[in-house]
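K.L.:
So here's entry-v7.cif, just mmCIF, C-alpha atoms:
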```
data_final
#
loop_
_atom_site.label_atom_id
_atom_site.label_comp_id
_atom_site.auth_asym_id
_atom_site.auth_seq_id
_atom_site.Cartn_x
_atom_site.Cartn_y
_atom_site.Cartn_z
CA MET A 386 163.01 86.98 17.92
CA SER A 387 162.44 88.96 14.74
CA ILE A 388 162.11 92.70 15.13
CA PRO A 389 159.58 94.42 12.85
CA VAL A 390 161.48 97.10 10.96
CA THR A 391 159.82 98.55 7.89
CA ILE A 392 160.83 101.21 5.41
CA VAL A 393 157.72 102.32 3.59
CA ASP A 394 156.96 104.54 0.60
CA GLY A 395 155.22 107.76 1.59
CA PRO A 396 154.05 108.96 4.99
CA LEU A 397 153.32 106.49 7.77
CA SER A 398 149.70 105.68 8.41
CA ASP A 399 148.18 105.92 11.88
CA ALA A 400 149.47 103.32 14.29
CA ALA A 401 147.28 100.48 15.49
CA PRO A 402 147.21 99.82 19.26
CA TRP A 403 150.30 97.87 20.27
CA SER A 404 151.91 96.34 23.33
CA ALA A 405 153.85 93.25 24.37
CA PRO A 406 153.37 90.59 27.04
CA GLY A 407 155.19 91.52 30.23
CA ALA A 408 155.37 95.22 29.44
CA GLY A 409 154.56 97.82 32.07
CA ALA A 410 155.66 100.73 29.89
CA VAL A 411 154.81 101.28 26.23
CA LEU A 412 156.45 104.19 24.44
CA SER A 413 155.59 105.47 21.00
CA PHE A 414 157.72 108.20 19.43
CA GLU A 415 156.67 109.76 16.14
CA GLY A 416 158.73 112.09 14.01
CA VAL A 417 156.43 114.60 12.31
CA VAL A 418 157.46 116.98 9.53
CA ARG A 419 157.71 120.55 10.84
CA PRO A 420 156.47 123.50 8.76
CA THR A 421 159.93 125.08 8.75
CA GLU A 422 163.39 123.72 8.08
CA GLU A 423 166.43 125.88 8.89
CA GLY A 424 164.23 128.97 8.92
CA ALA A 425 162.50 128.34 5.60
CA ASP A 426 158.82 127.49 5.17
CA ILE A 427 158.47 124.08 3.58
CA ASP A 428 155.69 122.01 2.05
CA ALA A 429 157.28 118.63 2.69
CA LEU A 430 160.43 116.65 3.20
CA GLU A 431 161.62 114.30 0.51
CA TYR A 432 163.21 111.29 2.21
CA ASP A 433 165.78 109.08 0.52
CA ALA A 434 167.52 105.96 1.77
CA TYR A 435 170.24 103.50 0.91
CA ARG A 436 167.49 101.07 1.49
CA PRO A 437 169.11 97.65 2.07
CA MET A 438 171.85 99.13 4.26
CA ALA A 439 169.37 101.25 6.23
CA GLN A 440 167.11 98.23 6.73
CA THR A 441 169.98 96.10 8.05
CA MET A 442 171.33 98.86 10.29
CA LEU A 443 167.90 99.66 11.75
CA GLU A 444 167.38 95.97 12.53
CA GLU A 445 170.83 95.69 14.13
CA LEU A 446 170.31 98.84 16.19
CA ALA A 447 166.86 97.73 17.33
CA ARG A 448 168.24 94.33 18.36
CA GLU A 449 171.13 95.96 20.22
CA MET A 450 168.69 98.23 22.12
CA LEU A 451 166.48 95.21 22.91
CA GLU A 452 169.38 93.29 24.44
CA LEU A 453 171.28 96.19 26.03
CA HIS A 454 168.25 97.69 27.76
CA GLY A 455 166.38 94.43 28.40
CA LEU A 456 163.32 95.51 26.42
CA GLU A 457 160.27 93.37 25.80
CA ALA A 458 159.72 94.45 22.18
CA VAL A 459 160.68 97.10 19.61
CA THR A 460 159.14 98.13 16.29
CA VAL A 461 160.52 100.66 13.81
CA GLU A 462 158.93 102.32 10.78
CA HIS A 463 160.56 104.93 8.54
CA ALA A 464 159.21 106.68 5.46
CA VAL A 465 160.95 107.31 2.15
CA GLY A 466 159.65 109.61 -0.54
CA ARG A 467 157.56 112.71 0.00
CA VAL A 468 156.17 113.37 3.48
CA ALA A 469 154.11 116.54 3.80
CA VAL A 470 154.14 118.95 6.72
CA GLY A 471 152.23 117.44 9.62
CA GLN A 472 152.61 113.88 8.39
CA THR A 473 154.59 111.18 10.16
CA SER A 474 157.98 110.13 8.81
CA PHE A 475 159.26 107.92 11.62
CA ARG A 476 157.79 105.80 14.38
CA LEU A 477 159.64 103.97 17.15
CA ARG A 478 157.69 101.86 19.61
CA ILE A 479 159.23 100.28 22.65
CA ALA A 480 157.70 98.00 25.24
CA SER A 481 159.63 97.51 28.47
CA GLN A 482 158.95 96.31 32.00
CA HIS A 483 159.59 99.78 33.45
CA ARG A 484 159.75 103.28 32.03
CA VAL A 485 163.43 103.97 32.75
CA GLU A 486 164.92 101.42 30.36
CA GLY A 487 162.36 102.22 27.69
CA LEU A 488 163.03 105.96 27.76
CA ALA A 489 166.81 105.41 27.73
CA ALA A 490 166.53 103.01 24.80
CA ALA A 491 164.35 105.43 22.82
CA ALA A 492 166.79 108.30 23.30
CA GLU A 493 169.79 106.16 22.36
CA PHE A 494 168.08 104.63 19.32
CA ILE A 495 167.05 107.99 17.88
CA SER A 496 170.42 109.59 18.53
CA ARG A 497 172.36 106.78 16.88
CA MET A 498 169.94 106.59 13.96
CA LYS A 499 170.48 110.29 13.27
CA ASP A 500 174.26 109.82 13.38
CA ASP A 501 174.76 106.72 11.31
CA ILE A 502 171.88 105.22 9.39
CA PRO A 503 171.82 106.10 5.67
CA LEU A 504 168.52 107.96 5.58
CA PHE A 505 168.41 111.43 4.03
CA LYS A 506 165.96 114.28 3.78
CA ILE A 507 165.70 117.17 1.35
CA PRO A 508 163.35 120.04 2.22
CA VAL A 509 160.74 120.96 -0.37
CA VAL A 510 160.77 124.72 0.18
CA ARG A 511 157.47 126.55 -0.22
CA GLU A 512 157.48 128.83 -3.22
CA VAL A 513 156.38 132.37 -2.41
CA MET A 514 154.05 133.92 -4.98
CA ARG A 515 155.07 137.49 -5.86
CA MET B 568 188.26 99.78 -14.59
CA THR B 569 184.76 101.10 -14.04
CA TYR B 570 183.71 101.82 -10.47
CA ARG B 571 179.99 102.40 -10.08
CA VAL B 572 179.21 104.69 -7.13
CA MET B 573 175.66 104.97 -5.79
CA LEU B 574 174.41 108.38 -4.62
CA PHE B 575 171.61 109.40 -2.29
CA GLY B 576 169.94 112.50 -0.92
CA ALA B 577 171.72 115.79 -1.58
CA GLU B 578 174.52 114.14 -3.58
CA ALA B 579 172.02 112.44 -5.91
CA ALA B 580 170.19 115.74 -6.30
CA ALA B 581 173.44 117.60 -7.06
CA ALA B 582 174.50 115.02 -9.64
CA GLY B 583 171.03 114.52 -11.11
CA GLU B 584 171.84 110.80 -11.04
CA ARG B 585 171.42 107.88 -8.65
CA SER B 586 174.82 106.49 -9.59
CA LEU B 587 177.98 107.57 -11.35
CA ASP B 588 180.53 105.51 -13.26
CA LEU B 589 184.11 106.35 -12.49
CA GLU B 590 186.96 105.23 -14.75
CA ILE B 591 190.10 104.45 -12.75
CA PRO B 592 193.07 102.58 -14.26
CA GLU B 593 193.81 100.66 -11.07
CA GLY B 594 191.79 97.59 -10.14
CA SER B 595 191.71 98.66 -6.53
CA VAL B 596 191.99 101.96 -4.67
CA THR B 597 191.48 103.11 -1.13
CA ALA B 598 188.19 104.71 -0.15
CA ASP B 599 189.94 108.09 0.18
CA GLU B 600 191.50 107.72 -3.28
CA LEU B 601 188.08 106.87 -4.69
CA LYS B 602 186.70 110.12 -3.24
CA LEU B 603 189.58 112.08 -4.81
CA HIS B 604 188.87 110.52 -8.22
CA LEU B 605 185.19 111.32 -7.76
CA SER B 606 185.88 114.97 -6.90
CA GLU B 607 188.17 115.33 -9.93
CA ALA B 608 185.72 113.71 -12.32
CA TYR B 609 182.63 115.46 -10.96
CA PRO B 610 183.68 118.86 -9.53
CA GLY B 611 180.02 119.81 -9.10
CA LEU B 612 179.80 117.30 -6.27
CA SER B 613 181.24 119.71 -3.72
CA GLY B 614 180.17 117.63 -0.72
CA VAL B 615 182.33 114.60 -1.50
CA PRO B 616 185.10 115.35 1.04
CA SER B 617 182.61 115.25 3.92
CA CYS B 618 180.92 112.06 2.71
CA ARG B 619 181.57 108.57 3.98
CA VAL B 620 182.06 105.54 1.74
CA ALA B 621 180.11 102.32 2.21
CA VAL B 622 181.37 99.14 0.59
CA ASN B 623 179.04 96.19 0.30
CA GLN B 624 176.64 97.99 2.66
CA LYS B 625 179.18 98.66 5.42
CA PHE B 626 180.92 101.93 6.22
CA VAL B 627 184.66 101.70 5.64
CA GLY B 628 187.61 103.80 6.74
CA GLY B 629 189.61 105.92 4.30
CA ASP B 630 192.40 103.35 4.08
CA GLU B 631 190.12 100.43 3.21
CA ILE B 632 190.61 98.87 -0.24
CA VAL B 633 187.77 99.19 -2.72
CA THR B 634 187.57 97.24 -5.98
CA SER B 635 185.44 97.72 -9.07
CA ASP B 636 183.50 94.56 -8.17
CA ASP B 637 182.30 96.05 -4.88
CA GLU B 638 178.93 97.66 -4.22
CA ILE B 639 180.05 101.22 -3.53
CA ALA B 640 177.96 104.03 -2.04
CA LEU B 641 178.79 107.63 -1.28
CA VAL B 642 176.99 108.52 1.94
CA GLY B 643 176.55 112.18 2.77
CA PRO B 644 175.29 113.60 6.06
CA VAL B 645 172.44 111.41 7.26
CA SER B 646 169.22 112.84 8.61
CA GLY B 647 166.68 110.17 9.44
CA GLY B 648 163.80 110.72 11.77
#
```
Re-express the file's structure as structure tokens.
P.N.:
Amino acid sequence: MSIPVTIVDGPLSDAAPWSAPGAGAVLSFEGVVRPTEEGADIDALEYDAYRPMAQTMLEELAREMLELHGLEAVTVEHAVGRVAVGQTSFRLRIASQHRVEGLAAAAEFISRMKDDIPLFKIPVVREVMR
Amino acid sequence: MTYRVMLFGAEAAAAGERSLDLEIPEGSVTADELKLHLSEAYPGLSGVPSCRVAVNQKFVGGDEIVTSDDEIALVGPVSGG
């Protein structure tokens, strides 16, 4: 089964309704750019990626979560480039038979992504007019 | 030999480049030696010691051999999400 993993230029667009046959729980997690980063007001985050390696690693991690947690389906989207405050930079969707395995898979996926996958962000700090 | 090292995120911003060419006499070095050469050649890249090295799109340990024919990336702290 192929797992849809996409790295897209710019912020993610709104998600279309999604589910999978056999699923009793459908989770959608979105990472949204906060207005502050380490105490500083920002306008945006500039995302960078080692794109082919990140693509492969996201696919491998999604497949591992699918098999380890017995999920029905997983999709992953991540932005590169400029993502303004309030816009979506990351979306993970998981369909599972029950909520427990889906929630565990979501937490593990996000944690491991943040530890290992070559995606980077640089804050675009808001300039204060004096 | 010329080793081309790809940069991303903060390291690319610090260097003002997406890749750097490193001249090393030896045809192969370890990943740790490559980082030492990089720090010597580009002292402005202060984050090199805390970066990982990826070779042919896989993270490698410090003792792994790297050659000038490899696809080499310097990977700083990651922050997806």
K.L.:
Mind listing as a list in words which residues of chain A are within 7 Å of chain B, counting all atoms listed in the file?
P.N.:
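Residues satisfying the distance criterion: Gly416, Asp433, Ala434, Tyr435, Met438, Ser474, Phe475, Met498, Lys499, Asp500, Asp501, Ile502, Pro503, Leu504, Phe505, Lys506 and Ile507 of chain A.
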K.L.:
Can you list, as a list in words, every protein, DNA or RNA residue that comes within 10 Å of B:Gly629 when you count all atoms listed in the file, leaving out same-chain residues fewer than 3 positions away?
P.N.:
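Neighbouring residues, sequence-local ones excluded: Thr597, Ala598, Asp599, Glu600, Leu601, Lys602, Arg619, Val620, Phe626, Ile632 and Val633 of chain B.
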K.L.:
From the set A:Val411, A:Val513, A:Val459, A:Ala405, which residue has the shortest atom-to-atom contact distance to A:Pro389, counting all atoms listed in the file?
P.N.:
A:Val459
K.L.:
Please write the residues picked by the PyMOL selection byres ((chain A and resi 409) around 8) on this file as a list in words.
P.N.:
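For this structure, the PyMOL selection byres ((chain A and resi 409) around 8) resolves to Gly407, Ala408, Ala410, Val411, Ala480, Ser481, Gln482, His483 and Arg484 of chain A.
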K.L.:
To one decimal place, how far is atom CA of A:Asp399 from atom CA of A:Thr473 in Å?
P.N.:
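Atom CA of A:Asp399 sits 8.5 Å away from atom CA of A:Thr473.
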